[in-house]
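Text of start02.cif (mmCIF, C-alpha atoms) as supplied:
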data_entry
#
loop_
_atom_site.group_PDB
_atom_site.id
_atom_site.type_symbol
_atom_site.label_atom_id
_atom_site.label_comp_id
_atom_site.auth_asym_id
_atom_site.auth_seq_id
_atom_site.Cartn_x
_atom_site.Cartn_y
_atom_site.Cartn_z
ATOM 1 C CA MET A 1 60.358 30.179 -69.992
ATOM 2 C CA GLU A 2 58.842 33.371 -71.428
ATOM 3 C CA LYS A 3 56.712 35.318 -68.998
ATOM 4 C CA ARG A 4 53.039 35.298 -69.962
ATOM 5 C CA GLN A 5 50.828 38.356 -69.663
ATOM 6 C CA CYS A 6 49.205 38.786 -66.261
ATOM 7 C CA THR A 7 46.043 40.830 -65.796
ATOM 8 C CA ALA A 8 44.841 41.918 -62.359
ATOM 9 C CA ILE A 9 41.138 42.318 -61.699
ATOM 10 C CA VAL A 10 40.694 44.420 -58.566
ATOM 11 C CA LEU A 11 37.227 44.419 -57.036
ATOM 12 C CA ALA A 12 36.007 47.650 -55.459
ATOM 13 C CA ALA A 13 32.268 47.349 -56.008
ATOM 14 C CA GLY A 14 31.174 46.226 -52.530
ATOM 15 C CA SER A 15 28.800 48.329 -50.454
ATOM 16 C CA GLY A 16 30.559 47.613 -47.156
ATOM 17 C CA LYS A 17 27.307 47.320 -45.178
ATOM 18 C CA ARG A 18 29.028 45.577 -42.257
ATOM 19 C CA MET A 19 31.209 48.629 -41.716
ATOM 20 C CA GLY A 20 28.115 50.532 -40.639
ATOM 21 C CA GLY A 21 29.067 53.834 -42.303
ATOM 22 C CA ALA A 22 28.097 55.846 -45.359
ATOM 23 C CA THR A 23 31.493 55.366 -47.067
ATOM 24 C CA ALA A 24 32.204 52.029 -48.748
ATOM 25 C CA LYS A 25 35.100 50.239 -47.054
ATOM 26 C CA GLN A 26 37.331 50.341 -50.125
ATOM 27 C CA PHE A 27 37.180 54.162 -50.132
ATOM 28 C CA MET A 28 37.713 54.690 -46.401
ATOM 29 C CA LEU A 29 41.015 56.228 -45.389
ATOM 30 C CA LEU A 30 43.752 53.966 -44.075
ATOM 31 C CA GLY A 31 46.609 56.208 -43.065
ATOM 32 C CA ASP A 32 46.343 59.054 -45.546
ATOM 33 C CA LYS A 33 45.202 56.950 -48.515
ATOM 34 C CA PRO A 34 41.934 55.180 -49.389
ATOM 35 C CA VAL A 35 41.962 51.441 -48.717
ATOM 36 C CA ILE A 36 41.782 50.628 -52.443
ATOM 37 C CA TRP A 37 44.990 52.615 -53.061
ATOM 38 C CA TYR A 38 47.144 49.966 -51.399
ATOM 39 C CA SER A 39 46.047 47.114 -53.669
ATOM 40 C CA LEU A 40 46.359 49.257 -56.770
ATOM 41 C CA GLN A 41 49.793 50.472 -55.688
ATOM 42 C CA ALA A 42 50.967 46.870 -55.244
ATOM 43 C CA VAL A 43 49.712 46.081 -58.746
ATOM 44 C CA GLU A 44 51.255 49.249 -60.202
ATOM 45 C CA GLN A 45 54.696 48.460 -58.776
ATOM 46 C CA SER A 46 54.606 44.715 -59.446
ATOM 47 C CA GLN A 47 56.975 43.033 -61.871
ATOM 48 C CA VAL A 48 54.367 40.271 -62.269
ATOM 49 C CA ILE A 49 51.278 42.241 -63.316
ATOM 50 C CA HIS A 50 51.093 43.892 -66.738
ATOM 51 C CA ARG A 51 47.685 45.544 -66.619
ATOM 52 C CA CYS A 52 44.672 46.028 -64.375
ATOM 53 C CA ILE A 53 40.882 46.189 -64.675
ATOM 54 C CA LEU A 54 39.063 47.789 -61.759
ATOM 55 C CA ALA A 55 35.424 46.976 -60.929
ATOM 56 C CA ALA A 56 33.578 49.741 -59.064
ATOM 57 C CA PRO A 57 29.964 50.692 -58.295
ATOM 58 C CA GLU A 58 28.498 52.088 -61.510
ATOM 59 C CA GLN A 59 27.520 55.395 -59.910
ATOM 60 C CA GLU A 60 31.039 55.781 -58.470
ATOM 61 C CA ILE A 61 32.967 55.232 -61.711
ATOM 62 C CA PRO A 62 33.556 58.952 -62.440
ATOM 63 C CA TYR A 63 34.775 59.450 -58.853
ATOM 64 C CA VAL A 64 37.044 56.390 -59.035
ATOM 65 C CA LYS A 65 38.563 57.496 -62.337
ATOM 66 C CA ARG A 66 39.164 61.028 -61.097
ATOM 67 C CA GLU A 67 40.017 60.584 -57.401
ATOM 68 C CA ILE A 68 41.750 57.206 -57.488
ATOM 69 C CA VAL A 69 43.135 56.291 -60.913
ATOM 70 C CA GLU A 70 44.041 59.747 -62.217
ATOM 71 C CA LYS A 71 44.902 61.382 -58.893
ATOM 72 C CA TYR A 72 47.437 58.699 -57.969
ATOM 73 C CA GLY A 73 48.676 57.987 -61.482
ATOM 74 C CA PHE A 74 47.795 54.305 -61.764
ATOM 75 C CA ARG A 75 48.935 53.727 -65.338
ATOM 76 C CA LYS A 76 48.250 49.983 -65.356
ATOM 77 C CA VAL A 77 44.504 50.505 -64.830
ATOM 78 C CA GLU A 78 43.173 50.119 -68.361
ATOM 79 C CA ALA A 79 39.494 50.282 -67.521
ATOM 80 C CA VAL A 80 37.035 50.880 -64.696
ATOM 81 C CA VAL A 81 33.977 48.677 -65.241
ATOM 82 C CA PRO A 82 30.634 48.618 -63.421
ATOM 83 C CA GLY A 83 30.380 45.993 -60.719
ATOM 84 C CA GLY A 84 27.267 44.041 -59.844
ATOM 85 C CA GLY A 85 25.183 43.447 -56.767
ATOM 86 C CA GLU A 86 27.120 40.265 -55.991
ATOM 87 C CA ARG A 87 30.852 39.653 -56.049
ATOM 88 C CA TYR A 88 30.664 37.102 -58.859
ATOM 89 C CA GLU A 89 28.766 39.610 -61.010
ATOM 90 C CA SER A 90 31.569 42.143 -60.565
ATOM 91 C CA VAL A 91 34.146 39.513 -61.502
ATOM 92 C CA TYR A 92 32.185 38.568 -64.605
ATOM 93 C CA SER A 93 31.891 42.221 -65.645
ATOM 94 C CA ALA A 94 35.670 42.575 -65.460
ATOM 95 C CA LEU A 95 36.242 39.240 -67.188
ATOM 96 C CA CYS A 96 34.063 40.360 -70.093
ATOM 97 C CA ARG A 97 36.339 43.392 -70.478
ATOM 98 C CA ALA A 98 39.297 40.983 -70.528
ATOM 99 C CA ALA A 99 37.633 38.468 -72.835
ATOM 100 C CA GLN A 100 40.461 38.411 -75.381
ATOM 101 C CA THR A 101 43.157 38.130 -72.722
ATOM 102 C CA GLU A 102 45.742 35.371 -72.796
ATOM 103 C CA GLY A 103 48.007 34.391 -69.950
ATOM 104 C CA TYR A 104 46.825 34.586 -66.345
ATOM 105 C CA ILE A 105 44.201 36.536 -64.457
ATOM 106 C CA PHE A 106 44.725 37.582 -60.830
ATOM 107 C CA ILE A 107 41.443 38.401 -59.056
ATOM 108 C CA HIS A 108 41.903 40.449 -55.898
ATOM 109 C CA ASP A 109 39.621 42.093 -53.348
ATOM 110 C CA GLY A 110 40.288 45.814 -53.189
ATOM 111 C CA ALA A 111 39.489 45.653 -49.468
ATOM 112 C CA ARG A 112 42.669 43.589 -48.879
ATOM 113 C CA PRO A 113 45.274 46.366 -48.647
ATOM 114 C CA PHE A 114 48.318 44.276 -47.696
ATOM 115 C CA LEU A 115 49.006 42.567 -51.010
ATOM 116 C CA THR A 116 52.743 42.082 -51.524
ATOM 117 C CA GLU A 117 55.060 41.309 -54.410
ATOM 118 C CA GLU A 118 56.070 38.130 -52.588
ATOM 119 C CA ILE A 119 52.478 36.888 -52.677
ATOM 120 C CA LEU A 120 52.106 37.798 -56.360
ATOM 121 C CA CYS A 121 55.332 36.034 -57.299
ATOM 122 C CA SER A 122 54.417 32.884 -55.362
ATOM 123 C CA LEU A 123 51.032 32.727 -57.055
ATOM 124 C CA TYR A 124 52.545 33.276 -60.489
ATOM 125 C CA GLU A 125 54.929 30.363 -60.037
ATOM 126 C CA GLU A 126 52.134 28.074 -58.859
ATOM 127 C CA VAL A 127 49.587 28.986 -61.528
ATOM 128 C CA ARG A 128 52.167 28.090 -64.172
ATOM 129 C CA ARG A 129 52.273 24.599 -62.673
ATOM 130 C CA HIS A 130 48.651 24.032 -61.679
ATOM 131 C CA ARG A 131 46.490 26.373 -63.856
ATOM 132 C CA ALA A 132 44.466 27.514 -60.836
ATOM 133 C CA CYS A 133 45.646 28.630 -57.407
ATOM 134 C CA VAL A 134 44.606 30.843 -54.515
ATOM 135 C CA ALA A 135 46.310 32.699 -51.688
ATOM 136 C CA ALA A 136 45.476 31.106 -48.340
ATOM 137 C CA VAL A 137 46.737 30.517 -44.807
ATOM 138 C CA PRO A 138 46.387 27.519 -42.473
ATOM 139 C CA VAL A 139 43.782 28.262 -39.805
ATOM 140 C CA LYS A 140 44.984 28.816 -36.246
ATOM 141 C CA ASP A 141 41.707 28.068 -34.480
ATOM 142 C CA THR A 142 39.835 24.823 -34.070
ATOM 143 C CA ILE A 143 36.956 24.797 -36.568
ATOM 144 C CA LYS A 144 33.514 23.342 -35.869
ATOM 145 C CA LEU A 145 30.867 22.467 -38.443
ATOM 146 C CA ALA A 146 27.354 23.207 -37.204
ATOM 147 C CA ASP A 147 23.888 21.849 -37.952
ATOM 148 C CA ASP A 148 20.870 24.029 -38.731
ATOM 149 C CA SER A 149 20.211 24.508 -35.011
ATOM 150 C CA GLY A 150 23.707 25.786 -34.249
ATOM 151 C CA PHE A 151 25.057 22.641 -32.611
ATOM 152 C CA ALA A 152 28.578 21.408 -33.414
ATOM 153 C CA VAL A 153 28.419 18.201 -35.415
ATOM 154 C CA GLN A 154 31.961 17.796 -36.698
ATOM 155 C CA THR A 155 35.509 18.971 -35.963
ATOM 156 C CA PRO A 156 37.686 18.893 -39.088
ATOM 157 C CA ASP A 157 41.378 18.115 -38.771
ATOM 158 C CA ARG A 158 42.846 21.605 -38.303
ATOM 159 C CA SER A 159 46.004 20.675 -40.216
ATOM 160 C CA ARG A 160 43.890 20.368 -43.365
ATOM 161 C CA VAL A 161 41.790 23.514 -42.977
ATOM 162 C CA TRP A 162 42.845 26.735 -44.718
ATOM 163 C CA ALA A 163 41.400 30.238 -44.769
ATOM 164 C CA VAL A 164 41.206 31.357 -48.385
ATOM 165 C CA GLN A 165 42.218 34.876 -49.391
ATOM 166 C CA THR A 166 42.870 36.695 -52.636
ATOM 167 C CA PRO A 167 44.460 37.014 -55.145
ATOM 168 C CA GLN A 168 42.942 33.975 -56.810
ATOM 169 C CA VAL A 169 44.779 33.215 -60.027
ATOM 170 C CA PHE A 170 43.815 31.234 -63.119
ATOM 171 C CA GLU A 171 44.677 30.623 -66.722
ATOM 172 C CA ALA A 172 42.635 33.220 -68.562
ATOM 173 C CA GLY A 173 40.731 30.770 -70.753
ATOM 174 C CA LEU A 174 39.956 28.541 -67.801
ATOM 175 C CA ILE A 175 38.374 31.216 -65.587
ATOM 176 C CA LEU A 176 36.508 32.748 -68.528
ATOM 177 C CA GLU A 177 34.965 29.378 -69.373
ATOM 178 C CA ALA A 178 34.111 28.688 -65.714
ATOM 179 C CA TYR A 179 32.275 32.003 -65.389
ATOM 180 C CA ARG A 180 30.528 31.534 -68.730
ATOM 181 C CA GLN A 181 29.119 28.245 -67.451
ATOM 182 C CA LEU A 182 28.211 29.828 -64.114
ATOM 183 C CA PHE A 183 26.067 32.464 -65.802
ATOM 184 C CA GLU A 184 24.381 29.827 -67.949
ATOM 185 C CA LYS A 185 23.457 27.827 -64.838
ATOM 186 C CA LYS A 186 23.132 30.447 -62.105
ATOM 187 C CA GLY A 187 19.372 30.024 -61.856
ATOM 188 C CA SER A 188 19.823 26.404 -60.834
ATOM 189 C CA LEU A 189 22.730 26.747 -58.359
ATOM 190 C CA GLU A 190 22.139 25.004 -55.033
ATOM 191 C CA LYS A 191 24.482 27.173 -52.935
ATOM 192 C CA PRO A 192 25.799 30.747 -53.095
ATOM 193 C CA VAL A 193 29.009 31.500 -54.967
ATOM 194 C CA THR A 194 31.565 32.807 -52.475
ATOM 195 C CA ASP A 195 34.820 32.905 -54.445
ATOM 196 C CA ASP A 196 36.393 32.286 -57.836
ATOM 197 C CA ALA A 197 37.963 28.980 -56.838
ATOM 198 C CA MET A 198 34.476 27.682 -56.109
ATOM 199 C CA VAL A 199 33.389 28.622 -59.635
ATOM 200 C CA VAL A 200 36.251 26.609 -61.128
ATOM 201 C CA GLU A 201 35.615 23.673 -58.784
ATOM 202 C CA GLU A 202 31.860 23.576 -59.387
ATOM 203 C CA MET A 203 31.711 24.412 -63.087
ATOM 204 C CA LEU A 204 34.832 22.656 -64.392
ATOM 205 C CA GLY A 205 35.560 20.072 -61.701
ATOM 206 C CA LEU A 206 39.196 21.141 -61.514
ATOM 207 C CA PRO A 207 41.340 21.219 -58.358
ATOM 208 C CA VAL A 208 42.672 24.552 -57.110
ATOM 209 C CA LYS A 209 46.106 24.773 -55.484
ATOM 210 C CA LEU A 210 46.347 26.486 -52.075
ATOM 211 C CA VAL A 211 49.402 28.760 -51.844
ATOM 212 C CA GLU A 212 50.480 29.951 -48.413
ATOM 213 C CA ALA A 213 50.327 33.740 -48.250
ATOM 214 C CA SER A 214 50.315 35.994 -45.178
ATOM 215 C CA TYR A 215 48.181 36.423 -42.077
ATOM 216 C CA GLN A 216 48.469 40.161 -42.680
ATOM 217 C CA ASN A 217 46.620 39.799 -45.986
ATOM 218 C CA ILE A 218 43.337 40.564 -44.245
ATOM 219 C CA LYS A 219 40.080 41.721 -45.785
ATOM 220 C CA ILE A 220 38.631 44.848 -44.225
ATOM 221 C CA THR A 221 35.017 43.985 -43.485
ATOM 222 C CA THR A 222 34.185 45.313 -39.999
ATOM 223 C CA PRO A 223 35.306 48.346 -37.951
ATOM 224 C CA GLU A 224 37.609 46.052 -35.964
ATOM 225 C CA ASP A 225 39.453 45.203 -39.181
ATOM 226 C CA ILE A 226 40.306 48.871 -39.720
ATOM 227 C CA LEU A 227 41.962 48.951 -36.292
ATOM 228 C CA THR A 228 43.975 45.830 -37.162
ATOM 229 C CA ALA A 229 44.956 47.299 -40.533
ATOM 230 C CA ARG A 230 46.142 50.507 -38.890
ATOM 231 C CA SER A 231 48.371 48.496 -36.561
ATOM 232 C CA PHE A 232 49.876 46.644 -39.541
ATOM 233 C CA LEU A 233 50.411 49.910 -41.378
ATOM 234 C CA THR A 234 52.323 51.449 -38.469
ATOM 235 C CA GLY A 235 54.367 48.295 -37.924
ATOM 236 C CA GLN A 236 52.769 47.541 -34.577
ATOM 237 C CA GLY A 237 50.847 44.483 -35.654
ATOM 238 C CA PRO A 238 51.956 40.827 -35.692
ATOM 239 C CA GLU A 239 54.295 39.678 -38.439
ATOM 240 C CA LYS A 240 53.536 36.923 -40.897
ATOM 241 C CA ALA A 241 52.992 33.751 -38.886
#
Would you write the structure of this file as structure tokens?
Amino acid sequence: MEKRQCTAIVLAAGSGKRMGGATAKQFMLLGDKPVIWYSLQAVEQSQVIHRCILAAPEQEIPYVKREIVEKYGFRKVEAVVPGGGERYESVYSALCRAAQTEGYIFIHDGARPFLTEEILCSLYEEVRRHRACVAAVPVKDTIKLADDSGFAVQTPDRSRVWAVQTPQVFEAGLILEAYRQLFEKKGSLEKPVTDDAMVVEEMLGLPVKLVEASYQNIKITTPEDILTARSFLTGQGPEKA
């Protein structure tokens, strides 16, 4: 079967407020490179991904073009587009830039530096079969659902609970239509949009395949995550479980 074009959307528009510093998490140094470098390097070297669209804070676009894209020679980055105040707004901005795209779109958080070719290949194989899939891992902890007062009211079967990661991958036309409907209806949404799979589930009513990825595919959100990422980078952290 002929390989279809794959476009990566890498999100680097977050403010990183939970990190507690002046520098957004995606631009903090991990080793001797900014966090966002690792995701873009995985995309640049991938045999799966053909091109990339990067979403960044509007005021940071000149910096990102100069100090990230040009400095490190990321040739697959076709455009740097302004992100929005919410994640889904950044995704939609990038999707609009890719509006005429065919094939598959891989949406990835730039604050997840441990993207691998193995993960990309697994997702590519599954999206060909199922049209929509996401990287995820089975949870290790017991999960409790709480009521509004913070009391546990339900314990889901742990064997059926997964922690969802990125990339999240979709047929291009499918995710474009899902986001188009989201923006038509966003004023009447009953709950916040937390990921792209949710947009497809809520807007189109389609199932999304969970694809086992890696426990190292963490998102850097808090200062503790930087410490964990440094241990992975130096080979001192736990291997894929």
| field | Output of the PyMOL selection byres ((chain A and resi 199) around 9), listed as a ChimeraX atom specification | value | /A:88,175,178-179,181-182,193-198,200-204
Translate the PyMOL selection byres ((chain A and resi 119) around 10), as applied to the file shown, into an explicit residue set as a PDB file with C-alpha atoms, in the frame of the given file.
ATOM      1  CA  PHE A 114      48.318  44.276 -47.696  1.00  0.00           C
ATOM      2  CA  LEU A 115      49.006  42.567 -51.010  1.00  0.00           C
ATOM      3  CA  THR A 116      52.743  42.082 -51.524  1.00  0.00           C
ATOM      4  CA  GLU A 117      55.060  41.309 -54.410  1.00  0.00           C
ATOM      5  CA  GLU A 118      56.070  38.130 -52.588  1.00  0.00           C
ATOM      6  CA  LEU A 120      52.106  37.798 -56.360  1.00  0.00           C
ATOM      7  CA  CYS A 121      55.332  36.034 -57.299  1.00  0.00           C
ATOM      8  CA  SER A 122      54.417  32.884 -55.362  1.00  0.00           C
ATOM      9  CA  LEU A 123      51.032  32.727 -57.055  1.00  0.00           C
ATOM     10  CA  TYR A 124      52.545  33.276 -60.489  1.00  0.00           C
ATOM     11  CA  ALA A 135      46.310  32.699 -51.688  1.00  0.00           C
ATOM     12  CA  THR A 166      42.870  36.695 -52.636  1.00  0.00           C
ATOM     13  CA  PRO A 167      44.460  37.014 -55.145  1.00  0.00           C
ATOM     14  CA  VAL A 211      49.402  28.760 -51.844  1.00  0.00           C
ATOM     15  CA  GLU A 212      50.480  29.951 -48.413  1.00  0.00           C
ATOM     16  CA  ALA A 213      50.327  33.740 -48.250  1.00  0.00           C
ATOM     17  CA  SER A 214      50.315  35.994 -45.178  1.00  0.00           C
ATOM     18  CA  ASN A 217      46.620  39.799 -45.986  1.00  0.00           C
TER      19      ASN A 217
END
| request: Could you list the residues chosen by the PyMOL selection byres ((chain A and resi 103-105) around 12) in this structure as a ChimeraX atom specification? | output: /A:2-10,48-53,91,94-95,98-102,106-108,120,123-134,166-176,196
| Atomic separation - CA of Pro82 (chain A) relative to CA of Thr222 (chain A), Å | 23.9 Å
| Atomic distance CA of Ser159 (chain A) - CA of Val139 (chain A), expressed in Å with one decimal |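 These two atoms are separated by 7.9 Å.
Near Leu227 (chain A), within 10 Å and counting all atoms listed in the file, sit Leu30, Ile220, Thr222, Phe232, Leu233 and Gly237 of chain A, not including residues fewer than 5 positions from it in the same chain.
Between CA of Leu11 (chain A) and CA of Ala55 (chain A) the separation is 5.0 Å.
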Around all the atoms of region 103-110 of chain A listed in the file, draw an axis-aligned box and extend it by 6 Å on each of the six sides; I want its centre and edge lengths in Å to one decimal, as lines of an AutoDock Vina configuration file.
center_x = 43.8
center_y = 40.1
center_z = -61.6
size_x = 20.4
size_y = 23.4
size_z = 28.8
| Quick one: residues within 8 Å of Gly110 (chain A), all atoms listed in the file counted, chain neighbours fewer than 4 positions away excluded, as a count of residues only? | 8
| So which one's closest to Leu29 (chain A), A:Ala111, A:Ala42, A:Glu190, A:Gln216? Using only C-alpha atoms, please. | A:Ala111
| message | Quick one: residues within 12 Å of Lys71 (chain A), all atoms listed in the file, excluding same-chain residues fewer than 4 positions away - as a list of chain:residue names? | response | A:Lys33, A:Pro34, A:Trp37, A:Tyr63, A:Val64, A:Lys65, A:Arg66, A:Glu67, A:Arg75
Same residues, C-alpha atoms, output as a PDB file, in the frame of the given file:
ATOM      1  CA  LYS A  33      45.202  56.950 -48.515  1.00  0.00           C
ATOM      2  CA  PRO A  34      41.934  55.180 -49.389  1.00  0.00           C
ATOM      3  CA  TRP A  37      44.990  52.615 -53.061  1.00  0.00           C
ATOM      4  CA  TYR A  63      34.775  59.450 -58.853  1.00  0.00           C
ATOM      5  CA  VAL A  64      37.044  56.390 -59.035  1.00  0.00           C
ATOM      6  CA  LYS A  65      38.563  57.496 -62.337  1.00  0.00           C
ATOM      7  CA  ARG A  66      39.164  61.028 -61.097  1.00  0.00           C
ATOM      8  CA  GLU A  67      40.017  60.584 -57.401  1.00  0.00           C
ATOM      9  CA  ARG A  75      48.935  53.727 -65.338  1.00  0.00           C
TER      10      ARG A  75
END
